[in-house]
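Chemist: First the structure, which I've put down as structure tokens, then a few questions once you've had a look.
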There are 2 protein chains.
Amino acid sequence: MGRAKTFDEKSALQKAMRLFWQQGYANTSLKQLLAEMNMLNGSFYHCFKDKKTVFLKSLECYNEEITYQRQQALASHDNFSEGIRALFDEVFITLSDKSEPNGCLIVNSMATDVLAEDELKQYMYKDFEDFIAFITQRIEHSINKNFTRNAIPAKQLALILVTYIQGLFRISYTNLEVAQLKCQTETLLTSLKL
Amino acid sequence: MGRAKTFDEKSALQKAMRLFWQQGYANTSLKQLLAEMNMLNGSFYHCFKDKKTVFLKSLECYNEEITYQRQQALASHDNFSEGIRALFDEVFITLSDKSEPNGCLIVNSMATDVLAEDELKQYMYKDFEDFIAFITQRIEHSINKNFTRNAIPAKQLALILVTYIQGLFRISYTNLEVAQLKCQTETLLTSLKL
């Protein structure tokens, strides 16, 4: 019979994820991780091996917890114009929630320190491609259902939106109000005939 | 008569600026700065005081060297549609230049580590506001000269563009080709009736 686990792996990972989200990868030390996750060196090594591995798991955890909700919001509408607004609503909920860090862990991680590690870079690139493919697919679905009649090719439209979303997470660090971000986003969507 | 300066302050600062641009603020140590700037502790302290001060000067240096060129490109056209394309051309030149770091020092610095320092935060916020004010002004100028007839209010249009530019610098870290970024940017500008 093994010893009872002295900690909850999932909840420890969520703490690590939020620490990385707050501080970034290079900027977070193993010591800080151990303190935040309430773990000793030995059990951390046993469970997560190293900082890189716990970061990779944190990215997965962020996608399961945060990105999934956004994608579900989009996918729950056949009409892409409605779906993309539902996705933005989810983004604005996170940006308004003062108990969560600003920005987006994935967007923040598209930076030199993370991309210097080959395994992390591969995850980031694949994650980015998957997100673009997902948005493109939802646009094509909406075109097929006759909801969307847009002169812009689906992938091009997806890339413009994804670029804008990345920018939105960056400027969420400024003192612009969420109401302003909502307003300009609506203007953009209308201009894109969505 | 004072001793001859053993180093060129401006060139040392440019090296510091590129190191911060490459690595980020928190992620750059004083030791790395001294090595990169080829300075000893004493002369560094004498000239730049501390890491925060040299970072602040690096932001100024980036704006003088890089941002200024972009703003000049925009300001050299009365027609905003031409000016904003000239600005994007400057951005794409930096993104294509493999000898320069990716992204943008200012965009990269809109992050928790920098904003945690009050003096840096004030600089970043003011810099961001100035950039939006500058773009807004150029749109208004173009409206007054009858080049731009846009239903979107000038400041709203400026904010959409600035958000998109920030996103563009983020996705410059992915493996998307600059040709793709140019193409989607042209589509965005056309959609915004620019």
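Going by the structure tokens order, chains are called A, B, ..., each with residues numbered from 1, while ligands are numbered from 1 in the order shown.
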With a distance threshold of 8 Å and counting only C-alpha atoms, extract the residues of chain B near chain A and express them as a ChimeraX atom specification.

Modeler: /B:22-23,26-27,107,110-113,125,128,152,156-157,159-160,163-168,170-171,173-175,184-185,187-188,191-192

Chemist: Excluding Ala154 in chain B and its own-chain neighbours fewer than 5 positions away, which residues fall within 12 Å of it when counting only C-alpha atoms? Please give them as a JSON list (two decimals) with C-alpha atoms, in the first residue's frame.

Modeler:
```json
[["chain", "number", "residue", "atom", "x", "y", "z"],
["A", 184, "GLN", "CA", -13.63, 48.68, -30.43],
["A", 187, "THR", "CA", -16.46, 47.98, -34.49],
["B", 80, "PHE", "CA", -3.72, 58.20, -43.67],
["B", 132, "ILE", "CA", -2.68, 56.24, -29.70],
["B", 133, "ALA", "CA", -2.89, 60.05, -29.65],
["B", 134, "PHE", "CA", -0.40, 60.25, -32.53],
["B", 135, "ILE", "CA", -2.33, 57.76, -34.69],
["B", 136, "THR", "CA", -5.64, 59.49, -33.85],
["B", 137, "GLN", "CA", -4.14, 62.85, -34.84],
["B", 138, "ARG", "CA", -2.93, 61.51, -38.18],
["B", 139, "ILE", "CA", -6.42, 60.09, -38.92],
["B", 140, "GLU", "CA", -8.03, 63.44, -38.04],
["B", 141, "HIS", "CA", -5.52, 65.26, -40.21],
["B", 142, "SER", "CA", -6.40, 62.95, -43.12],
["B", 143, "ILE", "CA", -10.14, 63.52, -42.52],
["B", 144, "ASN", "CA", -9.60, 67.30, -42.53],
["B", 148, "THR", "CA", -10.23, 59.78, -45.24],
["B", 149, "ARG", "CA", -13.99, 59.34, -45.10],
["B", 159, "LEU", "CA", -7.26, 51.74, -31.01],
["B", 160, "ILE", "CA", -8.19, 48.91, -33.39],
["B", 161, "LEU", "CA", -4.97, 49.49, -35.36],
["B", 192, "LEU", "CA", -11.48, 49.23, -42.35],
["B", 194, "LEU", "CA", -8.34, 52.47, -45.42]]
```

Chemist: Report the residues of range 16-193 of chain A whose backbone DSSP state falls under alpha helix (DSSP H), written as an MDAnalysis selection string.

Modeler: chainID A and resid 16:23 30:37 41:48 51:62 68:75 80:96 105:109 112:115 118:144 154:171 178:191

Chemist: Record the distance separating CA of Leu56 in chain B and CA of Thr94 in chain B, expressed in Å with one decimal.

Modeler: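 CA of Thr94 in chain B lies at a distance of 21.6 Å from CA of Leu56 in chain B.
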
Chemist: By how many Å are CA of Phe55 in chain A and CA of Met17 in chain A apart?

Modeler: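 That distance, rounded to one decimal, is 7.2 Å.
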